[in-house]
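Trainee: target25.cif is reproduced below (mmCIF, C-alpha atoms and all ligand atoms).
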data_coords
#
loop_
_atom_site.label_atom_id
_atom_site.label_comp_id
_atom_site.auth_asym_id
_atom_site.auth_seq_id
_atom_site.Cartn_x
_atom_site.Cartn_y
_atom_site.Cartn_z
CA MET A 1 8.23 23.46 25.45
CA ILE A 2 5.50 20.82 25.33
CA PRO A 3 7.18 17.36 25.25
CA TYR A 4 5.70 14.43 23.32
CA GLY A 5 5.66 12.30 26.44
CA ARG A 6 6.45 12.77 30.09
CA GLN A 7 6.40 10.73 33.30
CA ASP A 8 3.92 11.59 36.03
CA ILE A 9 5.52 11.35 39.49
CA SER A 10 3.37 11.83 42.61
CA GLN A 11 4.28 12.41 46.25
CA ALA A 12 3.25 8.78 46.87
CA ASP A 13 5.82 7.63 44.27
CA ILE A 14 8.53 9.69 45.99
CA ASP A 15 7.54 8.35 49.42
CA ALA A 16 7.65 4.77 48.14
CA VAL A 17 11.20 5.24 46.84
CA THR A 18 12.49 7.04 49.95
CA ALA A 19 11.02 4.29 52.15
CA VAL A 20 13.20 1.79 50.28
CA LEU A 21 16.26 4.04 50.74
CA ARG A 22 15.70 3.84 54.51
CA SER A 23 15.16 0.05 54.45
CA ASP A 24 17.64 -2.84 54.63
CA PHE A 25 17.56 -3.74 50.94
CA LEU A 26 18.38 -1.55 47.95
CA THR A 27 18.44 -4.59 45.69
CA GLN A 28 17.27 -8.23 45.92
CA GLY A 29 14.77 -7.49 48.69
CA PRO A 30 10.98 -7.83 48.94
CA ALA A 31 9.87 -5.04 46.55
CA VAL A 32 10.87 -6.76 43.29
CA PRO A 33 8.81 -9.93 43.94
CA ARG A 34 5.90 -7.75 45.12
CA PHE A 35 6.10 -5.75 41.87
CA GLU A 36 6.25 -8.97 39.86
CA GLU A 37 3.15 -10.30 41.63
CA ALA A 38 1.30 -7.01 41.12
CA VAL A 39 2.06 -6.91 37.38
CA ALA A 40 1.15 -10.60 37.04
CA ARG A 41 -2.18 -9.98 38.80
CA TYR A 42 -2.86 -6.90 36.65
CA CYS A 43 -2.21 -8.87 33.46
CA ASP A 44 -3.91 -12.08 34.65
CA VAL A 45 -0.81 -14.18 34.03
CA PRO A 46 0.94 -16.61 36.41
CA HIS A 47 4.57 -15.44 36.00
CA ALA A 48 6.38 -12.10 35.71
CA VAL A 49 10.16 -11.59 35.74
CA ALA A 50 11.30 -8.01 36.43
CA VAL A 51 14.53 -6.78 34.85
CA ASN A 52 16.43 -3.52 34.37
CA SER A 53 14.93 -2.66 30.95
CA ALA A 54 12.59 -3.96 28.27
CA THR A 55 15.72 -4.53 26.16
CA SER A 56 16.98 -6.95 28.83
CA ALA A 57 13.53 -8.54 29.03
CA LEU A 58 13.59 -9.16 25.27
CA HIS A 59 17.10 -10.61 25.55
CA VAL A 60 16.29 -13.04 28.40
CA ALA A 61 13.05 -14.01 26.63
CA CYS A 62 14.97 -14.90 23.47
CA LEU A 63 17.56 -16.84 25.49
CA ALA A 64 14.88 -18.71 27.45
CA LEU A 65 13.20 -19.66 24.15
CA GLY A 66 16.52 -21.13 23.02
CA ILE A 67 17.24 -18.59 20.28
CA GLY A 68 20.83 -18.95 19.11
CA PRO A 69 23.18 -19.01 16.12
CA GLY A 70 21.51 -20.29 12.97
CA ASP A 71 18.00 -19.35 14.12
CA ARG A 72 15.83 -16.83 12.29
CA VAL A 73 13.85 -14.16 14.12
CA TRP A 74 11.33 -11.92 12.40
CA THR A 75 9.92 -8.68 13.74
CA SER A 76 8.24 -5.42 12.80
CA PRO A 77 10.35 -2.73 11.12
CA ILE A 78 8.29 0.09 12.69
CA SER A 79 9.64 -0.23 16.21
CA PHE A 80 12.50 0.78 18.42
CA VAL A 81 15.74 -0.98 17.48
CA ALA A 82 15.67 -3.09 20.66
CA SER A 83 12.87 -5.27 19.19
CA ALA A 84 15.36 -6.57 16.61
CA ASN A 85 18.68 -6.22 18.45
CA CYS A 86 17.77 -8.87 21.06
CA ALA A 87 17.85 -11.58 18.38
CA LEU A 88 21.28 -10.45 17.18
CA TYR A 89 22.57 -10.55 20.79
CA CYS A 90 21.74 -14.28 20.70
CA GLY A 91 23.59 -14.85 17.42
CA ALA A 92 20.37 -15.33 15.43
CA SER A 93 19.59 -13.55 12.17
CA VAL A 94 16.84 -10.94 11.86
CA ASP A 95 14.34 -10.24 9.13
CA PHE A 96 11.37 -7.90 9.02
CA VAL A 97 7.71 -8.33 8.07
CA ASP A 98 5.89 -5.34 6.62
CA VAL A 99 3.28 -3.54 8.71
CA ALA A 100 -0.46 -3.23 8.08
CA ALA A 101 -1.62 -0.01 6.45
CA GLY A 102 -4.00 0.89 9.27
CA SER A 103 -2.58 -0.10 12.66
CA VAL A 104 1.09 0.02 11.64
CA ASN A 105 1.43 -3.32 13.47
CA LEU A 106 3.10 -6.34 11.88
CA CYS A 107 0.58 -7.47 9.26
CA PRO A 108 -0.70 -11.09 9.62
CA ARG A 109 -1.37 -11.26 5.85
CA ALA A 110 2.18 -10.12 5.01
CA LEU A 111 3.46 -12.59 7.61
CA GLU A 112 1.52 -15.50 6.12
CA ALA A 113 2.82 -14.71 2.61
CA LYS A 114 6.39 -14.49 3.89
CA LEU A 115 6.00 -17.73 5.88
CA LEU A 116 4.71 -19.62 2.83
CA ALA A 117 7.72 -18.42 0.81
CA ALA A 118 10.11 -19.28 3.65
CA GLU A 119 8.56 -22.73 4.02
CA ARG A 120 9.24 -23.50 0.36
CA GLY A 121 12.88 -22.52 0.87
CA GLY A 122 13.22 -24.29 4.25
CA GLN A 123 13.88 -20.93 5.94
CA LEU A 124 11.12 -20.66 8.53
CA PRO A 125 11.72 -18.42 11.56
CA LYS A 126 11.99 -19.89 15.06
CA LEU A 127 10.54 -16.75 16.63
CA VAL A 128 8.38 -13.81 15.58
CA THR A 129 8.36 -10.75 17.84
CA VAL A 130 5.36 -8.51 17.30
CA VAL A 131 5.02 -4.96 18.61
CA HIS A 132 1.79 -3.34 19.83
CA PHE A 133 2.70 -0.08 18.15
CA GLY A 134 1.58 3.01 20.04
CA GLY A 135 -0.40 0.78 22.42
CA GLU A 136 -2.83 -0.58 19.79
CA PRO A 137 -2.93 -4.39 20.16
CA CYS A 138 -1.84 -6.56 17.23
CA GLU A 139 -4.26 -9.09 15.72
CA MET A 140 -3.07 -11.75 18.16
CA PRO A 141 -5.55 -14.60 17.38
CA ALA A 142 -4.47 -14.55 13.70
CA LEU A 143 -0.80 -14.38 14.67
CA ALA A 144 -1.19 -17.25 17.15
CA ASP A 145 -2.87 -19.36 14.42
CA LEU A 146 0.15 -18.78 12.17
CA ALA A 147 2.51 -19.65 15.04
CA ARG A 148 0.74 -23.01 15.48
CA ARG A 149 0.58 -23.69 11.74
CA PHE A 150 4.23 -22.87 11.00
CA GLY A 151 5.71 -23.87 14.36
CA PHE A 152 7.34 -20.65 15.56
CA ARG A 153 7.36 -19.01 19.00
CA LEU A 154 5.76 -15.61 19.63
CA ILE A 155 6.98 -12.70 21.78
CA GLU A 156 4.82 -9.61 22.25
CA ASP A 157 6.92 -6.46 22.60
CA ALA A 158 4.30 -4.57 24.60
CA SER A 159 6.63 -1.74 25.59
CA HIS A 160 3.81 0.60 24.50
CA ALA A 161 0.90 -1.43 25.74
CA ILE A 162 0.62 -2.19 29.45
CA GLY A 163 -3.09 -1.83 30.24
CA ALA A 164 -4.25 -2.55 26.68
CA ARG A 165 -6.87 -5.27 26.11
CA HIS A 166 -8.20 -7.26 23.16
CA ASP A 167 -10.25 -10.37 22.43
CA GLY A 168 -11.24 -10.61 26.10
CA HIS A 169 -7.65 -10.62 27.43
CA ALA A 170 -5.21 -8.14 28.94
CA VAL A 171 -2.00 -7.59 26.97
CA GLY A 172 0.56 -9.45 29.07
CA SER A 173 -1.76 -12.39 29.77
CA CYS A 174 0.11 -14.33 27.05
CA ALA A 175 -3.19 -15.88 25.95
CA PHE A 176 -1.77 -15.85 22.38
CA SER A 177 2.02 -15.78 22.89
CA ASP A 178 4.93 -17.34 24.78
CA VAL A 179 6.23 -14.16 26.43
CA THR A 180 5.12 -10.52 26.69
CA VAL A 181 7.57 -7.71 27.48
CA PHE A 182 6.81 -4.29 29.00
CA SER A 183 9.07 -1.22 29.31
CA PHE A 184 9.07 1.20 32.24
CA HIS A 185 11.26 3.87 30.65
CA PRO A 186 9.98 7.34 31.71
CA VAL A 187 8.38 8.03 28.35
CA LYS A 188 6.29 4.82 28.51
CA LEU A 189 2.94 4.32 30.30
CA ILE A 190 4.27 3.81 33.81
CA THR A 191 7.88 4.18 34.87
CA THR A 192 10.57 2.70 37.10
CA ALA A 193 13.16 5.17 35.61
CA GLU A 194 14.76 2.29 33.71
CA GLY A 195 13.08 -1.08 33.90
CA GLY A 196 11.15 -3.82 32.20
CA ILE A 197 9.31 -7.05 32.84
CA ALA A 198 8.59 -10.28 30.98
CA THR A 199 5.36 -12.20 31.58
CA THR A 200 4.57 -15.79 30.63
CA ARG A 201 2.15 -18.62 31.38
CA ASP A 202 5.02 -21.15 31.20
CA ALA A 203 6.74 -21.85 34.55
CA GLU A 204 9.85 -23.27 32.87
CA LEU A 205 10.27 -20.19 30.65
CA ALA A 206 9.87 -17.98 33.73
CA ALA A 207 12.55 -19.96 35.59
CA ARG A 208 14.92 -19.73 32.64
CA MET A 209 14.37 -15.97 32.26
CA SER A 210 15.12 -15.56 35.99
CA LEU A 211 18.30 -17.57 35.54
CA PHE A 212 19.53 -15.42 32.63
CA ARG A 213 18.60 -12.25 34.57
CA SER A 214 21.12 -13.04 37.30
CA HIS A 215 24.38 -14.50 35.94
CA GLY A 216 22.84 -17.88 35.12
CA VAL A 217 23.17 -18.65 38.82
CA THR A 218 20.64 -20.73 40.74
CA ARG A 219 20.17 -21.52 44.43
CA ASP A 220 17.31 -23.91 43.69
CA PRO A 221 18.46 -27.49 44.57
CA GLN A 222 15.96 -28.84 41.97
CA ARG A 223 17.90 -27.10 39.19
CA MET A 224 21.42 -28.10 40.30
CA ASP A 225 23.75 -30.64 38.68
CA HIS A 226 25.52 -31.58 41.92
CA PRO A 227 24.40 -32.19 45.49
CA SER A 228 24.60 -29.12 47.71
CA GLU A 229 27.98 -28.67 49.42
CA GLY A 230 26.42 -26.58 52.19
CA PRO A 231 24.17 -23.62 52.88
CA TRP A 232 26.48 -21.29 50.86
CA TYR A 233 26.21 -23.41 47.73
CA TYR A 234 24.97 -22.09 44.37
CA GLU A 235 25.57 -23.13 40.79
CA GLN A 236 26.08 -21.21 37.57
CA GLN A 237 24.06 -23.15 35.01
CA GLU A 238 24.15 -20.76 32.04
CA LEU A 239 26.09 -17.71 30.90
CA GLY A 240 23.70 -15.11 32.29
CA TYR A 241 23.84 -11.38 32.88
CA ASN A 242 23.24 -8.87 35.64
CA TYR A 243 19.87 -7.59 34.42
CA ARG A 244 18.29 -7.26 37.87
CA MET A 245 15.80 -4.54 38.77
CA THR A 246 16.58 -2.64 42.00
CA GLU A 247 14.26 -2.29 45.00
CA LEU A 248 14.01 1.46 44.31
CA GLN A 249 12.75 0.78 40.80
CA ALA A 250 10.29 -1.88 41.96
CA ALA A 251 8.88 0.39 44.68
CA LEU A 252 8.36 3.14 42.11
CA GLY A 253 6.76 0.64 39.76
CA LEU A 254 4.37 -0.64 42.45
CA SER A 255 3.28 2.89 43.22
CA GLN A 256 2.91 3.83 39.53
CA LEU A 257 0.92 0.68 38.78
CA THR A 258 -1.83 1.82 41.16
CA ARG A 259 -2.34 4.85 38.89
CA LEU A 260 -2.07 3.09 35.52
CA ASP A 261 -5.83 2.94 34.95
CA THR A 262 -6.15 6.67 35.73
CA PHE A 263 -3.34 7.41 33.27
CA LEU A 264 -5.05 5.33 30.59
CA ARG A 265 -8.41 7.06 31.11
CA ARG A 266 -6.71 10.43 30.70
CA ARG A 267 -4.85 9.29 27.56
CA HIS A 268 -8.18 8.18 26.08
CA GLN A 269 -9.86 11.52 26.92
CA LEU A 270 -7.01 13.41 25.27
CA ALA A 271 -6.91 11.13 22.22
CA ASP A 272 -10.69 11.42 21.75
CA ARG A 273 -10.27 15.18 21.96
CA TYR A 274 -7.46 15.13 19.34
CA ASP A 275 -9.75 13.01 17.12
CA ARG A 276 -12.43 15.73 17.30
CA LEU A 277 -10.14 18.76 17.01
CA LEU A 278 -8.12 17.35 14.08
CA ALA A 279 -11.03 15.84 12.13
CA ASP A 280 -11.11 18.60 9.47
CA LEU A 281 -7.34 18.60 8.78
CA PRO A 282 -5.66 16.75 5.88
CA LEU A 283 -4.43 14.00 8.22
CA GLN A 284 -4.96 10.31 8.78
CA LEU A 285 -5.56 9.93 12.49
CA PRO A 286 -4.31 6.85 14.40
CA LEU A 287 -6.55 3.83 14.00
CA ARG A 288 -8.13 2.31 17.08
CA ARG A 289 -10.06 -0.91 16.61
CA PRO A 290 -13.42 -0.61 18.41
CA SER A 291 -13.01 -4.23 19.59
CA ALA A 292 -9.71 -3.48 21.38
CA PHE A 293 -8.66 -1.10 24.14
CA SER A 294 -5.46 0.71 23.19
CA ALA A 295 -2.99 1.87 25.84
CA LEU A 296 -2.45 4.97 23.65
CA HIS A 297 1.25 5.34 24.35
CA LEU A 298 1.53 7.44 21.18
CA TYR A 299 -0.72 9.62 19.05
CA PRO A 300 0.93 9.42 15.60
CA VAL A 301 -0.83 11.22 12.76
CA ARG A 302 -0.05 10.75 9.06
CA LEU A 303 0.18 13.74 6.71
CA LEU A 304 -1.83 13.09 3.56
CA PRO A 305 0.60 13.25 0.62
CA GLY A 306 0.33 16.39 -1.50
CA ARG A 307 -2.19 18.01 0.85
CA THR A 308 0.18 19.53 3.44
CA ALA A 309 3.65 21.00 3.70
CA ASP A 310 6.18 18.20 3.73
CA ARG A 311 6.79 16.33 6.95
CA ARG A 312 10.21 17.83 7.63
CA GLN A 313 8.80 21.36 7.29
CA VAL A 314 5.87 20.56 9.58
CA PHE A 315 8.23 18.96 12.10
CA GLU A 316 10.52 21.98 12.14
CA ARG A 317 7.64 24.45 12.40
CA MET A 318 6.20 22.54 15.36
CA ARG A 319 9.57 22.39 17.13
CA ALA A 320 10.04 26.14 16.47
CA ALA A 321 6.63 26.68 18.08
CA GLY A 322 7.91 24.90 21.21
CA ILE A 323 6.14 21.61 20.59
CA VAL A 324 8.28 18.49 20.73
CA VAL A 325 6.72 16.37 18.02
CA ASN A 326 8.59 13.20 17.10
CA VAL A 327 8.89 10.51 14.45
CA HIS A 328 8.14 6.94 15.58
CA TYR A 329 10.04 5.24 14.09
CA ILE A 330 12.79 5.30 11.50
CA PRO A 331 12.32 1.77 10.08
CA ILE A 332 14.92 -0.43 11.74
CA TYR A 333 16.21 -1.77 8.39
CA ARG A 334 17.17 1.82 7.46
CA GLN A 335 19.68 2.11 10.34
CA PRO A 336 23.27 2.01 9.08
CA TYR A 337 24.03 -1.03 11.24
CA TYR A 338 21.14 -2.95 9.65
CA GLN A 339 21.91 -1.59 6.18
CA ARG A 340 25.33 -3.22 6.47
CA LEU A 341 23.51 -6.53 7.03
CA GLY A 342 21.64 -5.90 3.76
CA TYR A 343 17.92 -5.09 3.68
CA ASP A 344 15.99 -3.57 0.78
CA PRO A 345 13.51 -0.85 1.82
CA ALA A 346 11.46 -1.78 -1.28
CA ASP A 347 10.53 -5.03 0.52
CA PHE A 348 8.54 -3.01 3.07
CA PRO A 349 6.29 -0.62 1.12
CA GLU A 350 3.83 0.08 3.97
CA ALA A 351 6.61 0.80 6.45
CA GLU A 352 8.22 3.15 3.90
CA ARG A 353 4.94 4.97 3.25
CA TYR A 354 4.25 5.29 6.95
CA TYR A 355 7.74 6.57 7.74
CA ALA A 356 7.45 9.28 5.07
CA GLN A 357 4.19 10.60 6.55
CA CYS A 358 4.16 10.08 10.32
CA LEU A 359 4.38 12.66 13.07
CA THR A 360 3.80 11.92 16.78
CA LEU A 361 1.90 14.60 18.69
CA PRO A 362 2.30 15.19 22.44
CA LEU A 363 0.24 12.79 24.56
CA PHE A 364 0.80 12.15 28.27
CA PRO A 365 -1.47 12.18 31.32
CA ALA A 366 -0.45 15.64 32.57
CA LEU A 367 -1.02 17.31 29.17
CA THR A 368 -3.69 19.97 29.80
CA GLU A 369 -6.51 20.77 27.43
CA SER A 370 -5.15 24.28 26.91
CA GLN A 371 -1.72 22.81 26.01
CA GLN A 372 -3.50 20.47 23.64
CA ASP A 373 -5.27 23.46 22.06
CA VAL A 374 -1.85 25.08 21.53
CA VAL A 375 -0.63 21.89 19.79
CA VAL A 376 -3.68 21.77 17.53
CA ALA A 377 -3.46 25.48 16.61
CA ALA A 378 0.26 25.16 15.86
CA LEU A 379 -0.36 22.08 13.72
CA ARG A 380 -3.11 23.85 11.75
CA THR A 381 -0.58 26.59 10.86
CA ALA A 382 2.35 24.22 10.32
CA LEU A 383 0.45 22.00 7.85
CA ALA A 384 -0.18 24.82 5.37
CA PRO A 385 1.73 24.02 2.16
C1 LIG B 1 11.13 1.59 24.62
C2 LIG B 1 11.05 0.38 23.80
C3 LIG B 1 11.91 -0.71 23.98
C4 LIG B 1 13.07 -0.67 24.92
O1 LIG B 1 12.68 -0.35 26.21
P1 LIG B 1 13.80 -0.09 27.33
O2 LIG B 1 13.04 -0.32 28.60
O3 LIG B 1 14.20 1.34 27.15
O4 LIG B 1 14.90 -1.04 27.13
C5 LIG B 1 11.71 -1.85 23.24
N1 LIG B 1 10.73 -1.92 22.32
C6 LIG B 1 9.90 -0.89 22.09
C7 LIG B 1 8.82 -1.04 21.07
C8 LIG B 1 10.05 0.30 22.80
O5 LIG B 1 9.26 1.33 22.54
#
Mind converting the file's structure to structure tokens?

Mentor:
Amino acid sequence: MIPYGRQDISQADIDAVTAVLRSDFLTQGPAVPRFEEAVARYCDVPHAVAVNSATSALHVACLALGIGPGDRVWTSPISFVASANCALYCGASVDFVDVAAGSVNLCPRALEAKLLAAERGGQLPKLVTVVHFGGEPCEMPALADLARRFGFRLIEDASHAIGARHDGHAVGSCAFSDVTVFSFHPVKLITTAEGGIATTRDAELAARMSLFRSHGVTRDPQRMDHPSEGPWYYEQQELGYNYRMTELQAALGLSQLTRLDTFLRRRHQLADRYDRLLADLPLQLPLRRPSAFSALHLYPVRLLPGRTADRRQVFERMRAAGIVVNVHYIPIYRQPYYQRLGYDPADFPEAERYYAQCLTLPLFPALTESQQDVVVAALRTALAP
């Protein structure tokens, strides 16, 4: 079987983790702050808060931004459910903004139209969470202009996009947003097994995310309500969670981060090769803006309607040929849980069109060119009507 994504674990990664196992701290030791500093340096951002998943990072980011009951949060429907769920955890309501036809990222034009309508009805969102789908950066300057004009906060769900760049900035620098979130799940660009991180330029947001990460408890005298009662003293200031990353995870992350640029170069070689080998097939290949540098987490192709077998048939033929293609994503509003909250798929025509046509091909650093040739040959056969 050829998977659609796979982690790449080296002897150095294993050594880094076993060194932690032999050390004094399995959690709350020196590796987590070192990992935070390394990610912050990589992204050119002052603050990074490591947590046990990107889902947790999204949750603490929403909490730190003050999202709560009565607030509206908008996000992209073509994403993993976590991008929307975090707002519901906070008691806010969620709505979706249709994606752009090309990048499949939340469309700034659709957002502007929806904002103008919401403004007339006094229903503006407090937060918009955008997703760099497949690693291709969103049009952040346009989104940041809308955030200023309509007064909402911006989170970048960059679970697919560590290492991506655009408009002269690294994704994660928060040059155009309040908080950026990365995932280190094994299928993502680098891994800590489970894990995530939130970056920000705002020291107060970073402090609040740290507070929510660890029970809402602080040991910082500056943040306490009462004078210290002694060296043991701490205060719970908020209702927080245990979302901490372990030392084992941070050590793995530190080691993986040193290879991120190598991984990205390999993803680009393989994607360029797919572009060449698939050019004559009745497919729309993933868009990459020349002005941006995608992290290429995914290589999703679109089957041109009426020109190939239908997507389900192609999917099943590929799986039967031992190739684990995938569909990213079922639009979130189509999930039964969200359907019960009441969304009309007709409000999101681009997301619907994309979902009907998309198929993610295998792409990961250890994919060999001969494996890639097998994928391409199988796809050529599978597409035949
Ligand atoms: C994977 C993913 C998440 C969740 O990441 P976890 O680290 O597994 O919690 C959130 N958003 C997007 C877009 C993702 O792909």

Trainee: Using only C-alpha atoms and all ligand atoms, I'd like a table of the residues in chain A that come within 10 Å of ligand LIG 1 (chain B); for each, show the closest atom pair and its distance in Å rounded to one decimal, ordered by chain and ascending number, as JSON lines.

Mentor:
{"residue": "A:Val51", "atom": "CA", "partner": "B:LIG1", "partner_atom": "O2", "distance": 9.1}
{"residue": "A:Asn52", "atom": "CA", "partner": "B:LIG1", "partner_atom": "O2", "distance": 7.4}
{"residue": "A:Ser53", "atom": "CA", "partner": "B:LIG1", "partner_atom": "O2", "distance": 3.8}
{"residue": "A:Ala54", "atom": "CA", "partner": "B:LIG1", "partner_atom": "O2", "distance": 3.7}
{"residue": "A:Thr55", "atom": "CA", "partner": "B:LIG1", "partner_atom": "O4", "distance": 3.7}
{"residue": "A:Ser56", "atom": "CA", "partner": "B:LIG1", "partner_atom": "O4", "distance": 6.5}
{"residue": "A:Ala57", "atom": "CA", "partner": "B:LIG1", "partner_atom": "O4", "distance": 7.9}
{"residue": "A:Leu58", "atom": "CA", "partner": "B:LIG1", "partner_atom": "C5", "distance": 7.8}
{"residue": "A:His59", "atom": "CA", "partner": "B:LIG1", "partner_atom": "O4", "distance": 9.9}
{"residue": "A:Ser76", "atom": "CA", "partner": "B:LIG1", "partner_atom": "C7", "distance": 9.4}
{"residue": "A:Ile78", "atom": "CA", "partner": "B:LIG1", "partner_atom": "C7", "distance": 8.5}
{"residue": "A:Ser79", "atom": "CA", "partner": "B:LIG1", "partner_atom": "C7", "distance": 5.0}
{"residue": "A:Phe80", "atom": "CA", "partner": "B:LIG1", "partner_atom": "C6", "distance": 4.8}
{"residue": "A:Val81", "atom": "CA", "partner": "B:LIG1", "partner_atom": "N1", "distance": 7.0}
{"residue": "A:Ala82", "atom": "CA", "partner": "B:LIG1", "partner_atom": "C5", "distance": 4.9}
{"residue": "A:Ser83", "atom": "CA", "partner": "B:LIG1", "partner_atom": "N1", "distance": 5.1}
{"residue": "A:Ala84", "atom": "CA", "partner": "B:LIG1", "partner_atom": "N1", "distance": 8.7}
{"residue": "A:Asn85", "atom": "CA", "partner": "B:LIG1", "partner_atom": "C5", "distance": 9.5}
{"residue": "A:Cys86", "atom": "CA", "partner": "B:LIG1", "partner_atom": "C5", "distance": 9.5}
{"residue": "A:Val130", "atom": "CA", "partner": "B:LIG1", "partner_atom": "C7", "distance": 9.1}
{"residue": "A:Val131", "atom": "CA", "partner": "B:LIG1", "partner_atom": "C7", "distance": 6.0}
{"residue": "A:His132", "atom": "CA", "partner": "B:LIG1", "partner_atom": "C7", "distance": 7.5}
{"residue": "A:Phe133", "atom": "CA", "partner": "B:LIG1", "partner_atom": "C7", "distance": 6.8}
{"residue": "A:Gly134", "atom": "CA", "partner": "B:LIG1", "partner_atom": "O5", "distance": 8.2}
{"residue": "A:Gly135", "atom": "CA", "partner": "B:LIG1", "partner_atom": "C7", "distance": 9.5}
{"residue": "A:Glu156", "atom": "CA", "partner": "B:LIG1", "partner_atom": "C7", "distance": 9.5}
{"residue": "A:Asp157", "atom": "CA", "partner": "B:LIG1", "partner_atom": "N1", "distance": 5.9}
{"residue": "A:Ala158", "atom": "CA", "partner": "B:LIG1", "partner_atom": "C7", "distance": 6.7}
{"residue": "A:Ser159", "atom": "CA", "partner": "B:LIG1", "partner_atom": "C8", "distance": 4.9}
{"residue": "A:His160", "atom": "CA", "partner": "B:LIG1", "partner_atom": "O5", "distance": 5.8}
{"residue": "A:Ala161", "atom": "CA", "partner": "B:LIG1", "partner_atom": "C7", "distance": 9.2}
{"residue": "A:Val181", "atom": "CA", "partner": "B:LIG1", "partner_atom": "C5", "distance": 8.3}
{"residue": "A:Phe182", "atom": "CA", "partner": "B:LIG1", "partner_atom": "O2", "distance": 7.4}
{"residue": "A:Ser183", "atom": "CA", "partner": "B:LIG1", "partner_atom": "O2", "distance": 4.1}
{"residue": "A:Phe184", "atom": "CA", "partner": "B:LIG1", "partner_atom": "O2", "distance": 5.6}
{"residue": "A:His185", "atom": "CA", "partner": "B:LIG1", "partner_atom": "O2", "distance": 5.0}
{"residue": "A:Pro186", "atom": "CA", "partner": "B:LIG1", "partner_atom": "O3", "distance": 8.6}
{"residue": "A:Val187", "atom": "CA", "partner": "B:LIG1", "partner_atom": "C1", "distance": 7.9}
{"residue": "A:Lys188", "atom": "CA", "partner": "B:LIG1", "partner_atom": "C1", "distance": 7.0}
{"residue": "A:Thr191", "atom": "CA", "partner": "B:LIG1", "partner_atom": "O2", "distance": 9.3}
{"residue": "A:Thr192", "atom": "CA", "partner": "B:LIG1", "partner_atom": "O2", "distance": 9.4}
{"residue": "A:Ala193", "atom": "CA", "partner": "B:LIG1", "partner_atom": "O2", "distance": 8.9}
{"residue": "A:Glu194", "atom": "CA", "partner": "B:LIG1", "partner_atom": "O2", "distance": 6.0}
{"residue": "A:Gly195", "atom": "CA", "partner": "B:LIG1", "partner_atom": "O2", "distance": 5.4}
{"residue": "A:Gly196", "atom": "CA", "partner": "B:LIG1", "partner_atom": "O2", "distance": 5.4}
{"residue": "A:Ile197", "atom": "CA", "partner": "B:LIG1", "partner_atom": "O2", "distance": 8.8}
{"residue": "A:His297", "atom": "CA", "partner": "B:LIG1", "partner_atom": "O5", "distance": 9.1}
{"residue": "A:Leu298", "atom": "CA", "partner": "B:LIG1", "partner_atom": "O5", "distance": 9.9}
{"residue": "A:His328", "atom": "CA", "partner": "B:LIG1", "partner_atom": "O5", "distance": 9.0}
{"residue": "A:Tyr329", "atom": "CA", "partner": "B:LIG1", "partner_atom": "O5", "distance": 9.3}

Trainee: Atom CA of Ser103 of chain A and atom CA of Arg288 of chain A, how far apart in Å?

Mentor: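 Rounded to one decimal, the two atoms are 7.5 Å apart.
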
Trainee: Calculate how many Å separate atom CA of Arg208 of chain A from atom CA of Asp145 of chain A, rounding to one decimal.

Mentor: 25.5 Å

Trainee: Please determine, counting all atoms listed in the file, which residue among A:Phe348, A:Asp167, A:Gln335, A:Pro286 has the shortest atom-to-atom distance to Cys107 of chain A.

Mentor: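 Closest to Cys107 of chain A of all the choices is A:Phe348.
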
Trainee: Identify the residues within 6 Å of coordinate (2.9, -19.0, 21.6) (same frame as the file), considering all atoms listed in the file, and give the answer as a count of residues only.

Mentor: 5

Trainee: To one decimal place, how far is atom CA of Ile190 of chain A from atom CA of Gly5 of chain A in Å?

Mentor: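 Atom CA of Gly5 of chain A lies at a distance of 11.3 Å from atom CA of Ile190 of chain A.
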
Trainee: Here is a test: counting all atoms listed in the file, which residue of A:Thr200, A:Ala295, A:Glu37, A:Ala144 is nearest to Arg266 of chain A?

Mentor: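 Comparing A:Thr200, A:Ala295, A:Glu37, A:Ala144 against Arg266 of chain A, the winner is A:Ala295.
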
Trainee: Complete segment 68-74 of chain A at the level of N, CA and C atoms, written as an mmCIF file, keeping the file's coordinate frame.

Mentor:
data_model
loop_
_atom_site.group_PDB
_atom_site.id
_atom_site.type_symbol
_atom_site.label_atom_id
_atom_site.label_comp_id
_atom_site.auth_asym_id
_atom_site.auth_seq_id
_atom_site.Cartn_x
_atom_site.Cartn_y
_atom_site.Cartn_z
ATOM 1 N N GLY A 68 19.368 -18.946 19.187
ATOM 2 C CA GLY A 68 20.830 -18.950 19.110
ATOM 3 C C GLY A 68 21.303 -18.892 17.678
ATOM 4 N N PRO A 69 22.610 -19.072 17.468
ATOM 5 C CA PRO A 69 23.180 -19.010 16.120
ATOM 6 C C PRO A 69 22.454 -19.974 15.171
ATOM 7 N N GLY A 70 22.193 -19.472 13.966
ATOM 8 C CA GLY A 70 21.510 -20.290 12.970
ATOM 9 C C GLY A 70 19.996 -20.112 12.977
ATOM 10 N N ASP A 71 19.457 -19.564 14.064
ATOM 11 C CA ASP A 71 18.000 -19.350 14.120
ATOM 12 C C ASP A 71 17.614 -18.060 13.416
ATOM 13 N N ARG A 72 16.380 -18.028 12.925
ATOM 14 C CA ARG A 72 15.830 -16.830 12.290
ATOM 15 C C ARG A 72 14.776 -16.212 13.184
ATOM 16 N N VAL A 73 14.848 -14.895 13.348
ATOM 17 C CA VAL A 73 13.850 -14.160 14.120
ATOM 18 C C VAL A 73 13.293 -13.060 13.230
ATOM 19 N N TRP A 74 11.975 -12.967 13.199
ATOM 20 C CA TRP A 74 11.330 -11.920 12.400
ATOM 21 C C TRP A 74 10.624 -10.948 13.324
#
